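Peer 1: First, the structure itself, so that you have it in front of you.
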Amino acid sequence: MKNLITMIKPAILLLALPLITGCSDKIAVLNPQGPVARSQYHLIIWSLIMMSLVLAIVLILFVYVLARYGRKNSKGFDPNDTGNRKLEIVWMIIPVIICVLLAVPTVQTLYALNHPPKATATPAKLAGKTLTIDVTSVQWKWLFRYPDQKIETVNYAVIPAGTPVKFRLHAYDAMNAFWVPELGGQQYTMTDMPMKLWLQADKPGNYDGRSSNYSGRGFAHMTFTIMARNATDFDNWVNDVKQNKPALSLNGYKKLLQPDTVKPQAFSSYPKLAEKDLNKAQMQALEAGKSTKNDSMQGMKMDKNMDMDHNGKGGHHDD
Amino acid sequence: MSENQNQVMKQEHAGFPWKQVIGLVLSLALTFLALWIAVGLSLPVHVTLTIIVGLAIFQAFIQLFMFMHVTEGTEPVHQVIGILFGIYVAFAVVAGTIWILAYTI
Amino acid sequence: MMDSLLSQKNKSTLPLEYSTEEGDLRIVGFWIFLAAELVLFGTLFGTYLVLQSHTAGGPNAHDLFEIGPVMAETIVLLVSSFTCGLSTMELRRHNNKGLIGWLIITILLGLVFVGLEANEFYTYAAHEGATLSTSAFLSGFFILLGTHGCHVSLGIVWIIGILLQLRKRGITPVTARKAFMVGLYWHFLDVVWIFIFTAVYLTGWVI
Amino acid sequence: MIESIKSFLGYFFVTGDPMIYGADASIALASIGIVVVLTYFKKWKWLWEEWLTTVDHKRIGIMYIIAALLMLFRGGVDALMMRTQLTLPNLHFLNSEHYNQVFTTHGTIMIIFVAMPFIFGLMNIAVPLQIGARDVAFPFLNALSFWLFFAGAMLFNLSFVIGGSPDAGWSGYAPFAGAELNPGVGQNYYVLGVQISGIGSLATGINFLVTIIKMRAPGMTLFKMPMFTWSILITSVIVVFAFPAFTVALALMTIDRLFGAHFFTIAAGGSPMLWANLFWFWGHPEVYIVLLPVFGIFSEVIATFAHKTLFGYAVMVWSMVAISVLSFITWLHHFFTMGNTAPVNAFFSVSTMLIAIPTGVKIFNWLFTLNKGRIEFTTPMLWALAFIPNFTIGGITGVMLAMAPADYQYHNSYFLVAHFHSTLIAGTVFGIFCGLHYWWPKMFGYLLDERKGKWSFWIFMISFNICFMPMYFLGLMGMTRRMYTYPAGLGWTPINIVITIGAFGMGLGFIIMAWNIIWSAIHGKRDTTGDPWGGRTLEWTTSSPAPEYNFAHIPEISTRDPLAAMKEGKTGDLRKSSKPYEPIHMPNNSGIPVIMSGFMFIAGFGFVFEWYWMGIPGLIGVVACMIARSFVYNDHHYIPVDEIEKTEAATGRLS
Ligand code: HEA
Ligand code: HEA
Ligand code: CUA
Ligand SMILES: [Cu+2]
């Protein structure tokens, strides 16, 4: 039964997956380094178990019928076996149950992810503190703006470990998606709709991020690094940037907005204009001296905490 | 003898086009009613929207039955199911799009 | 109801347009086509409703829509649907003259409608500077109404073609089918207009 | 002057790439070759009368399949180019621009110009025969659908050498695909080429819906129809209701690009996300459009070669109905990560998962059809069997993707790429190969060679697993789709090497299949009985290939699987009838479909380049053809009795 063996092989591969995860930290999604990624990881493992079960049932039946009835003169041939209500109900009910078992944690996780993760940083005075970073995707780079620290970085961001970080996501031109697999799942960036993504790193370390939504020529190089540091290192880094890095001039900022790939950089300040989170069309209107009025996607509130920006002009509300 | 065949007979021989006239009068009445509710009254927006959409659907069914004879033909069940499925999908695309992209209007 | 839907196999009692197999097939096919059109317009409605508030600083529904012209268009179209219904009735009576007469009145009303709509568009463009590329709202508006208007215009051309054939051949199973189908089409466009009236104009005034 | 001509040519023809010059040259050579051969053998008239103007569903089906096989070749070469580029990190086999065009054309071609036409081809061939009809409801429209598809496909493919290919992915997301960020003609080719063939698809949907509900042989009630016919009925419903949304989406994008509207733009309040919404409103049902028909094929093939009727017929039907209803309310699962509220994501997560239930019902019913059967391992049966485990993997990973919070981690990664190839290849492609081998004798009168068929099956199927199973891991390792290259040191390299090996293995399998087709045309076993497999349904009661009129007498049936019932002696002979023949009423050939599609092509090409002097006359030509058609009253002819007698005698069916 050569054919059977080759058919089973992929299944074995899939079943072996949870085992492999133990020994390789290269599988980023299965190597969660923060609470958000971890809750998704639990969901993934749970679904893998259920799915392995389904696959196992199908494979066992498959192998059985082929082995038993695949021979030239197998016994038990019965052309009148054309249906069986009871059996059919069984294989309707079991998938229903499996779907319920998958749907419940799915919906729970979905709602849970709307809230910031619990801070784990010590000392205790850090608890309850969050950090906000405004992220802008530009063809083909990532701009990170720290509205509270008033600094800006390109293609990398430093965050305090153990502290929930709220990334507010915008796009200047094409859609992209902001993904740091070890810290948690992705969100799109869009020109007309600011979105948010809570992430948190358990411990200091560097985590690779990349755009996961295709945006043109330089898309493959649209990578960044999220560097988690402990609280004091983070503060030191902020001070260092403030003191030792150049300011981002208006011209420099506009240059960054041109489609191109660039190296990681940091700036001790950013121009006022950057705060407005203009998209490409608004920027062009501004340059041409026209009004920058544009409509954002009204009503698409991700939750009550986040007010949408109805006229598309700066003005963030902090919660 | 089914109801529809009777209708066909009636239409072919009756003198006055009652069905058409009633259809017209009803549509005009409903149109003006909707206009009055929308512009003349000042009910809460959601109430107004619900009522006028309801009226529009009612009027669409008048056209469908009074003028278009959906239930006529050799096997009208086919076109009735077709239209119903069309309504289902059209509803999905309109309601879904609004829900996803602009549910507060 | 269901019963009568299923039990109409008996062709002899049915009107002429169903008398040939081909006629029967085409009418069912046309119904399915109309159901597909329902989705097509549904998509345009969804698009319009989502973009309705995206006026980008340009004129909005309140600035543009006026009750007078809109009601004129609506009444003309509703009446044309009525005259079209009368034409189908004459078809059933095998009265070719009546059929042709009502069809002509229908297309005249249709032409008035198209004229009114063109005038409406022209007014918006000329007086308010509202064009297809002013804002997403107006893109949605012009394309939704334009698609409907194109359908009406196409309907007019189609009716003219049928009138020619009716004059030459009289009422035959084939021409009867064509006249019946164009009637369905015309009523369908009326249904679409009812929703345009509601979702575009009334809603525009309400919000 | 010379300069301006030069610069025009530089803009018109794609330049600067040896691969493209190669394509230019081979297109020119192939065209010249075809013209020379046709002229030399004086075949122009034959081509025009027998093929280009035909309205015969069997010939249209064959033309669909030939076109689809050619497109599969093109899409496959695209795939192999991508795989070559991705074998190792930092390769420069393709540069970024070129790679982007290649995955865009690969995806679009495979879905729209391979999967769809292949299915349309098979259903054209089999459905009228299975229901005992002489043709489809609207033969003229059928020809028009084919030629519109063909015009769209040619227009799309032209982009490779003239003007430049689209490069925004097969899903063409705004705003990247809009005029602002993507000037040039590439995206115009995409919107117009796909639009033209889409209109043809919509017409096909209506045509087959009416054919199946109205033209079944006497006695064949809905619940006595063969399962393939059922699957096409339901697929047609999905086509009819999904395509209008796509028509609108493409039209709006065209208007944005050509006439400056703001549906999906960044500026003036346009909503890029609206494109995604409309695209997937069609896009998700589309995957079932290419899947349900192959479910039908598998049902036929599994029943035939297990020598049993299908297990749980009624449930098989109702599960497809359920899938068609659900398929319209799950589209958002393609953009869970676009900032939807939790209730929205929750609704679409659950509605998506629900599809697993009817699909699972089908899987188990097939397994129980095999149970207590007498399984015969023919080539079509192998494809059908391999489908079951391989597709299940694709399906369950689909359910994993349906869990929105988990999808935040899979979306747009190679996990997704693996999922959809597992469903599209193990489902659709295995299915069309299965149907191709199964109905081949009915199409051409000879069988494909079993030995070569099995070789190509095993090589293709094993390579498929080598190619796509590792992609799941690659996705979890963080590799995203649509990357033209990747850096070393992430652990991705070994996996990519394996994948590429698998891809070339699939190419080898495909070459063997092509060789099999050529070889069998010359040496293949002829099918003289019309029933080479021991079939169960009506298409096997007529001769192979079927005569122009399909059945000399319209068969009357009283059971499901009428041919099987006849063989068991339960009913009378379906092949011969003692009744005298009557002249058969058949539709006339018409040149209008091909001419009209030619005008459509011209119009499309004109609009691609925004040459309205060309586009508008093209459209006028289309309308003129329509008007001309509406005045054609005399479009049928009769096949005389003596001709029928001659044909029937030749296949030994004269009683
Ligand atoms: C033929 C094509 C095909 C088919 C059949 C499917 C079937 C399914 N697909 Fe797939 N899908 C695609 C083609 C297809 N898909 C494509 C092309 C894309 C990507 C497009 C792009 O972005 O370019 C995609 C993307 C895609 C996504 C988006 C992911 C993302 O972008 O992040 C999702 C998410 O929910 C999804 C889910 C599903 C599900 C739940 C099914 C279900 O129908 C599967 C049902 C089948 C089974 C489950 C197996 C058998 C069942 C049993 C044995 C019963 C028991 C099982 C359970 C109870 C679980 N698909
Ligand atoms: C039915 C649909 C279908 C089919 C059959 C395939 C078949 C294949 N696909 Fe495709 N694929 C898609 C639909 C399909 N794909 C879609 C929709 C996308 C998304 C596109 C997008 O992102 O927009 C995609 C994307 C996609 C990617 C991701 C690209 C990226 O995101 O960067 C990859 C990468 O490996 C890939 C690989 C393959 C391979 C190796 C095959 C193999 O099965 C191919 C088998 C090979 C052949 C049949 C070759 C035949 C030709 C020869 C043998 C000729 C040999 C001659 C010479 C070498 C000169 N596909
Ligand atoms: Cu993105 Cu709303
Ligand atoms: Cu989907």
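Every chain in the structure tokens has a letter given in the order shown (A, B, ...), and although residue numbers restart at 1 in each chain, ligands are simply numbered from 1 in the order shown.
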Around ligand 3, which protein and nucleic acid residues have at least one atom no more than 7 Å from it, if we count only C-alpha atoms and all ligand atoms? List them as a JSON list (two decimals) with all heavy atoms, in the first residue's frame.
Peer 2:
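The new file result36.json reads:
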```json
[["chain", "number", "residue", "atom", "x", "y", "z"],
["A", 190, "MET", "N", -3.68, 52.30, 7.81],
["A", 190, "MET", "CA", -4.48, 52.86, 6.73],
["A", 190, "MET", "C", -4.40, 54.37, 6.73],
["A", 190, "MET", "O", -4.13, 55.00, 7.75],
["A", 190, "MET", "CB", -5.93, 52.42, 6.86],
["A", 190, "MET", "CG", -6.08, 50.93, 6.65],
["A", 190, "MET", "SD", -7.75, 50.50, 6.35],
["A", 190, "MET", "CE", -8.13, 49.71, 7.87],
["A", 192, "ASP", "N", -6.82, 56.50, 6.19],
["A", 192, "ASP", "CA", -7.99, 57.26, 6.61],
["A", 192, "ASP", "C", -8.51, 56.80, 7.96],
["A", 192, "ASP", "O", -9.59, 57.15, 8.36],
["A", 192, "ASP", "CB", -9.10, 57.13, 5.57],
["A", 192, "ASP", "CG", -9.53, 55.69, 5.37],
["A", 192, "ASP", "OD1", -8.73, 54.80, 5.72],
["A", 192, "ASP", "OD2", -10.63, 55.46, 4.87],
["A", 193, "MET", "N", -7.73, 55.99, 8.66],
["A", 193, "MET", "CA", -8.30, 55.45, 9.87],
["A", 193, "MET", "C", -7.21, 55.05, 10.84],
["A", 193, "MET", "O", -6.52, 54.08, 10.63],
["A", 193, "MET", "CB", -9.12, 54.23, 9.51],
["A", 193, "MET", "CG", -9.71, 53.57, 10.69],
["A", 193, "MET", "SD", -10.44, 52.06, 10.13],
["A", 193, "MET", "CE", -10.41, 51.17, 11.66],
["A", 297, "MET", "N", -12.74, 57.30, 8.45],
["A", 297, "MET", "CA", -13.83, 56.35, 8.44],
["A", 297, "MET", "C", -14.60, 56.50, 9.73],
["A", 297, "MET", "O", -14.25, 55.95, 10.74],
["A", 297, "MET", "CB", -13.29, 54.95, 8.30],
["A", 297, "MET", "CG", -12.62, 54.80, 6.96],
["A", 297, "MET", "SD", -11.62, 53.37, 6.92],
["A", 297, "MET", "CE", -12.86, 52.14, 7.02],
["A", 300, "MET", "N", -15.91, 53.69, 12.70],
["A", 300, "MET", "CA", -15.14, 52.48, 12.88],
["A", 300, "MET", "C", -14.32, 52.58, 14.13],
["A", 300, "MET", "O", -13.11, 52.62, 14.10],
["A", 300, "MET", "CB", -14.23, 52.25, 11.69],
["A", 300, "MET", "CG", -14.96, 51.49, 10.62],
["A", 300, "MET", "SD", -13.82, 50.76, 9.50],
["A", 300, "MET", "CE", -13.01, 49.59, 10.49],
["B", 101, "LEU", "N", -18.12, 49.20, 7.66],
["B", 101, "LEU", "CA", -17.42, 50.44, 7.34],
["B", 101, "LEU", "C", -18.03, 51.70, 7.93],
["B", 101, "LEU", "O", -17.35, 52.71, 8.01],
["B", 101, "LEU", "CB", -17.30, 50.60, 5.83],
["B", 101, "LEU", "CG", -16.26, 49.67, 5.21],
["B", 101, "LEU", "CD1", -16.72, 49.15, 3.88],
["B", 101, "LEU", "CD2", -14.93, 50.36, 5.08],
["D", 273, "MET", "N", -10.33, 50.83, 2.21],
["D", 273, "MET", "CA", -10.83, 49.60, 2.79],
["D", 273, "MET", "C", -12.10, 49.12, 2.09],
["D", 273, "MET", "O", -12.40, 47.93, 2.07],
["D", 273, "MET", "CB", -11.10, 49.81, 4.28],
["D", 273, "MET", "CG", -11.47, 48.56, 5.03],
["D", 273, "MET", "SD", -11.61, 48.95, 6.76],
["D", 273, "MET", "CE", -12.37, 47.48, 7.38],
["D", 338, "MET", "N", -8.15, 44.54, 9.81],
["D", 338, "MET", "CA", -8.31, 45.92, 9.34],
["D", 338, "MET", "C", -9.07, 46.77, 10.35],
["D", 338, "MET", "O", -9.82, 47.66, 9.98],
["D", 338, "MET", "CB", -9.00, 45.95, 7.98],
["D", 338, "MET", "CG", -8.01, 45.86, 6.84],
["D", 338, "MET", "SD", -8.78, 46.29, 5.29],
["D", 338, "MET", "CE", -7.61, 45.54, 4.17],
["D", 339, "GLY", "N", -8.90, 46.46, 11.62],
["D", 339, "GLY", "CA", -9.47, 47.34, 12.62],
["D", 339, "GLY", "C", -10.97, 47.24, 12.78],
["D", 339, "GLY", "O", -11.63, 48.25, 13.03],
["D", 340, "ASN", "N", -11.52, 46.06, 12.64],
["D", 340, "ASN", "CA", -12.95, 45.92, 12.85],
["D", 340, "ASN", "C", -13.24, 45.83, 14.34],
["D", 340, "ASN", "O", -12.40, 45.43, 15.13],
["D", 340, "ASN", "CB", -13.47, 44.67, 12.15],
["D", 340, "ASN", "CG", -12.99, 44.63, 10.72],
["D", 340, "ASN", "OD1", -13.40, 45.45, 9.91],
["D", 340, "ASN", "ND2", -12.10, 43.71, 10.42]]
```
Peer 1: Compile the residues of chain D that lie within 7 Å of chain A, evaluated using only C-alpha atoms, and express the compilation as JSON, numbers by chain.
Peer 2: {"D": [96, 97, 175, 176, 266, 267, 268, 269, 307, 308, 309, 310, 311, 312, 337, 338, 339, 340, 341, 342, 346, 350, 353, 357, 361, 367, 370, 371, 372, 373, 374, 375, 376, 389, 392, 396, 400, 403, 404, 405, 406, 408, 409, 412, 465, 469, 476, 477, 478, 480, 482, 483, 484, 485, 486, 491]}
Peer 1: Which of these residues is nearest to B:Leu28, using only C-alpha atoms: C:Ile194, C:Gly161, C:Asn96, C:Gly149?
Peer 2: C:Ile194
Peer 1: Distance limit 8 Å, atoms considered: only C-alpha atoms. Which chain B residues sit that close to chain D? Return them as JSON, numbers by chain.
Peer 2: {"B": [78, 86, 89, 92, 93, 97, 99, 100, 101]}
Peer 1: Contacts between chain D and chain C, please, where a residue of chain C counts if it comes within 9 Å (with only C-alpha atoms); show its shortest atom pair and distance in Å to one decimal, rows by chain and ascending number, as a Markdown table.
Peer 2:
```
| residue | atom | partner | partner_atom | distance |
| --- | --- | --- | --- | --- |
| C:Glu22 | CA | D:Ala137 | CA | 8.1 |
| C:Asp24 | CA | D:Lys214 | CA | 8.9 |
| C:Leu25 | CA | D:Val210 | CA | 6.7 |
| C:Arg26 | CA | D:Phe138 | CA | 8.2 |
| C:Val28 | CA | D:Val210 | CA | 6.9 |
| C:Gly29 | CA | D:Val210 | CA | 6.0 |
| C:Phe30 | CA | D:Ile206 | CA | 8.6 |
| C:Ile32 | CA | D:Ile206 | CA | 6.6 |
| C:Phe33 | CA | D:Ile206 | CA | 6.9 |
| C:Ala35 | CA | D:Phe241 | CA | 7.8 |
| C:Ala36 | CA | D:Phe241 | CA | 5.5 |
| C:Glu37 | CA | D:Pro244 | CA | 7.0 |
| C:Leu38 | CA | D:Pro244 | CA | 8.7 |
| C:Val39 | CA | D:Pro244 | CA | 6.1 |
| C:Leu40 | CA | D:Pro244 | CA | 4.7 |
| C:Phe41 | CA | D:Pro244 | CA | 8.5 |
| C:Gly42 | CA | D:Ala245 | CA | 8.2 |
| C:Thr43 | CA | D:Ala245 | CA | 5.7 |
| C:Leu44 | CA | D:Val248 | CA | 7.1 |
| C:Thr47 | CA | D:Leu274 | CA | 7.6 |
| C:Val50 | CA | D:Leu274 | CA | 8.4 |
| C:Leu51 | CA | D:Gly270 | CA | 7.5 |
| C:Ser53 | CA | D:Gly269 | CA | 8.7 |
| C:His54 | CA | D:Gly269 | CA | 4.9 |
| C:Thr55 | CA | D:Gly269 | CA | 6.5 |
| C:Ala56 | CA | D:Ala268 | CA | 5.0 |
| C:Gly57 | CA | D:Ala268 | CA | 8.2 |
| C:Gly58 | CA | D:Ala268 | CA | 8.8 |
| C:Thr131 | CA | D:Ala261 | CA | 8.9 |
| C:Leu132 | CA | D:Ala261 | CA | 5.5 |
| C:Ser133 | CA | D:Ala261 | CA | 4.5 |
| C:Thr134 | CA | D:Ala268 | CA | 7.0 |
| C:Ser135 | CA | D:Ala268 | CA | 4.9 |
| C:Ala136 | CA | D:His262 | CA | 4.7 |
| C:Phe137 | CA | D:Gly269 | CA | 7.6 |
| C:Leu138 | CA | D:His262 | CA | 8.4 |
| C:Ser139 | CA | D:Ala261 | CA | 5.5 |
| C:Gly140 | CA | D:Phe263 | CA | 7.1 |
| C:Ile143 | CA | D:Leu252 | CA | 8.3 |
| C:Gly161 | CA | D:Ile627 | CA | 8.3 |
| C:Gln165 | CA | D:Phe631 | CA | 8.2 |
| C:Val174 | CA | D:Tyr633 | CA | 8.9 |
```
Peer 1: Give as a compact mmCIF listing (two decimals) with C-alpha atoms, in the first residue's frame the residues surrounding ligand 4 up to a distance of 7 Å, considering only C-alpha atoms and all ligand atoms.
Peer 2:
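Result file follows (pocket-v2.txt):
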```
# COMPACT_ATOMS: atom_id res chain seq x y z
CA GLY D 283 -13.59 36.82 -3.63
CA HIS D 284 -14.79 34.51 -0.94
CA VAL D 287 -13.31 30.08 -3.89
CA THR D 330 -18.04 35.20 5.56
CA TRP D 331 -16.07 37.58 3.37
CA HIS D 333 -12.36 36.83 7.27
CA HIS D 334 -9.94 38.09 4.63
```
Peer 1: Identify, on the basis of only C-alpha atoms, every residue whose closest approach to stretch 81-92 of chain C does not exceed 8 Å; exclude the query and any residue fewer than 5 positions from it along the same chain; express the result as a list in words.
Peer 2: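 Surrounding residues, per the criterion: Gln11, Glu12, Pro17, Gln20, Val21, Gly23, Leu24 and Phe67 of chain B; Pro15, Leu16, Gly98, Leu99, Ile100, Gly101, Trp102, Leu103, Ile105, Thr106, Ile171, Ala176, Ala179, Phe180, Gly183, Trp186, His187 and Asp190 of chain C.
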Peer 1: Can you tell me, as an NGL selection string, which residues in stretch 93-143 of chain C count as alpha helix (DSSP H) by DSSP?
Peer 2: :C and (96-128 or 136-143)
Peer 1: With only C-alpha atoms and all ligand atoms counted, collect every polymer residue having an atom within 6 Å of ligand 2; state the result as an mmCIF file with N, CA, C and O atoms, in the first residue's frame.
Peer 2:
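Writing done, so here's part.cif:
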```cif
data_model
loop_
_atom_site.group_PDB
_atom_site.id
_atom_site.type_symbol
_atom_site.label_atom_id
_atom_site.label_comp_id
_atom_site.auth_asym_id
_atom_site.auth_seq_id
_atom_site.Cartn_x
_atom_site.Cartn_y
_atom_site.Cartn_z
ATOM 1 N N PHE D 73 -0.176 26.553 -18.022
ATOM 2 C CA PHE D 73 1.236 26.541 -18.353
ATOM 3 C C PHE D 73 1.859 27.898 -18.014
ATOM 4 O O PHE D 73 2.882 27.969 -17.332
ATOM 5 N N GLY D 76 1.922 28.375 -14.338
ATOM 6 C CA GLY D 76 2.917 27.478 -13.758
ATOM 7 C C GLY D 76 4.325 27.996 -13.972
ATOM 8 O O GLY D 76 5.163 27.942 -13.060
ATOM 9 N N VAL D 77 4.587 28.528 -15.161
ATOM 10 C CA VAL D 77 5.917 29.091 -15.388
ATOM 11 C C VAL D 77 6.141 30.272 -14.450
ATOM 12 O O VAL D 77 7.221 30.419 -13.860
ATOM 13 N N ALA D 79 4.922 30.526 -11.515
ATOM 14 C CA ALA D 79 5.193 29.945 -10.196
ATOM 15 C C ALA D 79 6.639 29.472 -10.123
ATOM 16 O O ALA D 79 7.327 29.716 -9.119
ATOM 17 N N LEU D 80 7.092 28.831 -11.176
ATOM 18 C CA LEU D 80 8.462 28.323 -11.131
ATOM 19 C C LEU D 80 9.465 29.470 -11.097
ATOM 20 O O LEU D 80 10.511 29.374 -10.439
ATOM 21 N N ARG D 83 9.501 30.601 -7.537
ATOM 22 C CA ARG D 83 10.199 29.646 -6.672
ATOM 23 C C ARG D 83 11.696 29.690 -6.906
ATOM 24 O O ARG D 83 12.485 29.535 -5.978
ATOM 25 N N PHE D 103 3.918 37.485 -9.294
ATOM 26 C CA PHE D 103 2.926 36.872 -8.402
ATOM 27 C C PHE D 103 1.530 37.405 -8.672
ATOM 28 O O PHE D 103 0.545 36.690 -8.482
ATOM 29 N N THR D 104 1.468 38.651 -9.147
ATOM 30 C CA THR D 104 0.140 39.177 -9.481
ATOM 31 C C THR D 104 -0.478 38.399 -10.639
ATOM 32 O O THR D 104 -1.627 37.953 -10.569
ATOM 33 N N GLY D 107 -1.361 34.693 -9.611
ATOM 34 C CA GLY D 107 -2.599 34.528 -8.846
ATOM 35 C C GLY D 107 -3.830 34.777 -9.706
ATOM 36 O O GLY D 107 -4.783 34.000 -9.706
ATOM 37 N N MET D 110 -4.206 32.017 -12.420
ATOM 38 C CA MET D 110 -4.584 30.705 -11.884
ATOM 39 C C MET D 110 -6.053 30.678 -11.471
ATOM 40 O O MET D 110 -6.753 29.703 -11.695
ATOM 41 N N ILE D 111 -6.524 31.720 -10.860
ATOM 42 C CA ILE D 111 -7.916 31.703 -10.394
ATOM 43 C C ILE D 111 -8.881 32.006 -11.529
ATOM 44 O O ILE D 111 -9.848 31.280 -11.757
ATOM 45 N N ALA D 115 -8.627 28.120 -13.229
ATOM 46 C CA ALA D 115 -9.626 27.356 -12.473
ATOM 47 C C ALA D 115 -11.024 27.551 -13.048
ATOM 48 O O ALA D 115 -11.736 26.586 -13.325
ATOM 49 N N GLY D 169 -0.867 42.515 -6.811
ATOM 50 C CA GLY D 169 -1.451 41.299 -6.249
ATOM 51 C C GLY D 169 -2.773 40.976 -6.926
ATOM 52 O O GLY D 169 -3.399 41.850 -7.527
ATOM 53 N N TRP D 170 -3.187 39.714 -6.808
ATOM 54 C CA TRP D 170 -4.433 39.371 -7.499
ATOM 55 C C TRP D 170 -5.617 40.044 -6.837
ATOM 56 O O TRP D 170 -6.667 40.198 -7.429
ATOM 57 N N SER D 171 -5.444 40.477 -5.580
ATOM 58 C CA SER D 171 -6.524 41.161 -4.896
ATOM 59 C C SER D 171 -6.467 42.671 -5.104
ATOM 60 O O SER D 171 -7.329 43.380 -4.608
ATOM 61 N N HIS D 421 -3.128 27.176 -1.215
ATOM 62 C CA HIS D 421 -2.710 26.198 -2.228
ATOM 63 C C HIS D 421 -3.210 24.799 -1.869
ATOM 64 O O HIS D 421 -3.525 24.009 -2.745
ATOM 65 N N LEU D 424 -6.777 25.065 -3.089
ATOM 66 C CA LEU D 424 -6.900 25.285 -4.534
ATOM 67 C C LEU D 424 -6.276 24.147 -5.325
ATOM 68 O O LEU D 424 -6.775 23.785 -6.387
ATOM 69 N N ILE D 425 -5.190 23.599 -4.865
ATOM 70 C CA ILE D 425 -4.561 22.528 -5.641
ATOM 71 C C ILE D 425 -5.162 21.183 -5.259
ATOM 72 O O ILE D 425 -5.668 20.466 -6.114
ATOM 73 N N ARG D 481 4.000 36.738 2.695
ATOM 74 C CA ARG D 481 3.842 36.543 1.257
ATOM 75 C C ARG D 481 4.338 37.772 0.515
ATOM 76 O O ARG D 481 4.574 38.827 1.095
ATOM 77 N N ARG D 482 4.484 37.638 -0.794
ATOM 78 C CA ARG D 482 4.781 38.755 -1.695
ATOM 79 C C ARG D 482 6.124 39.428 -1.413
ATOM 80 O O ARG D 482 6.319 40.588 -1.743
ATOM 81 N N MET D 483 7.037 38.694 -0.763
ATOM 82 C CA MET D 483 8.396 39.212 -0.584
ATOM 83 C C MET D 483 9.240 38.687 -1.726
ATOM 84 O O MET D 483 9.297 37.487 -1.943
ATOM 85 N N ALA D 503 8.134 22.413 -6.088
ATOM 86 C CA ALA D 503 7.492 23.129 -7.194
ATOM 87 C C ALA D 503 7.939 22.555 -8.528
ATOM 88 O O ALA D 503 7.125 22.329 -9.424
ATOM 89 N N MET D 506 6.278 19.361 -9.275
ATOM 90 C CA MET D 506 4.926 19.517 -9.827
ATOM 91 C C MET D 506 5.006 19.833 -11.311
ATOM 92 O O MET D 506 4.202 19.345 -12.114
ATOM 93 N N GLY D 507 5.993 20.646 -11.668
ATOM 94 C CA GLY D 507 6.181 20.937 -13.089
ATOM 95 C C GLY D 507 6.433 19.664 -13.875
ATOM 96 O O GLY D 507 5.850 19.451 -14.939
ATOM 97 N N LEU D 508 7.257 18.792 -13.297
ATOM 98 C CA LEU D 508 7.546 17.524 -13.973
ATOM 99 C C LEU D 508 6.262 16.711 -14.139
ATOM 100 O O LEU D 508 5.978 16.170 -15.216
ATOM 101 N N PHE D 510 3.329 17.764 -14.365
ATOM 102 C CA PHE D 510 2.491 18.393 -15.381
ATOM 103 C C PHE D 510 3.008 18.077 -16.775
ATOM 104 O O PHE D 510 2.229 17.824 -17.706
ATOM 105 N N ILE D 511 4.349 18.064 -16.932
ATOM 106 C CA ILE D 511 4.909 17.746 -18.256
ATOM 107 C C ILE D 511 4.530 16.328 -18.654
ATOM 108 O O ILE D 511 4.166 16.065 -19.808
#
```
Peer 1: Would you kindly return, as a ChimeraX atom specification, each protein, DNA or RNA residue with an atom no farther than 12 Å from any atom of A:Phe234, considering only C-alpha atoms and excluding same-chain residues fewer than 2 positions away?
Peer 2: /A:131,149,157-163,204,227-232,236-241
Peer 1: Write out as a VMD selection string which residues come within 9 Å of D:His98 when counting only C-alpha atoms, dropping same-chain ones fewer than 3 positions away.
Peer 2: chain D and resid 94 to 95 101 to 103 165 167 484
Peer 1: Kindly indicate which residue among A:Leu199, A:Phe267, A:Thr136, A:Lys290 lies nearest to chain C, using only C-alpha atoms for the distances.
Peer 2: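 Answer, going by the shortest atom-to-atom distance: A:Lys290.
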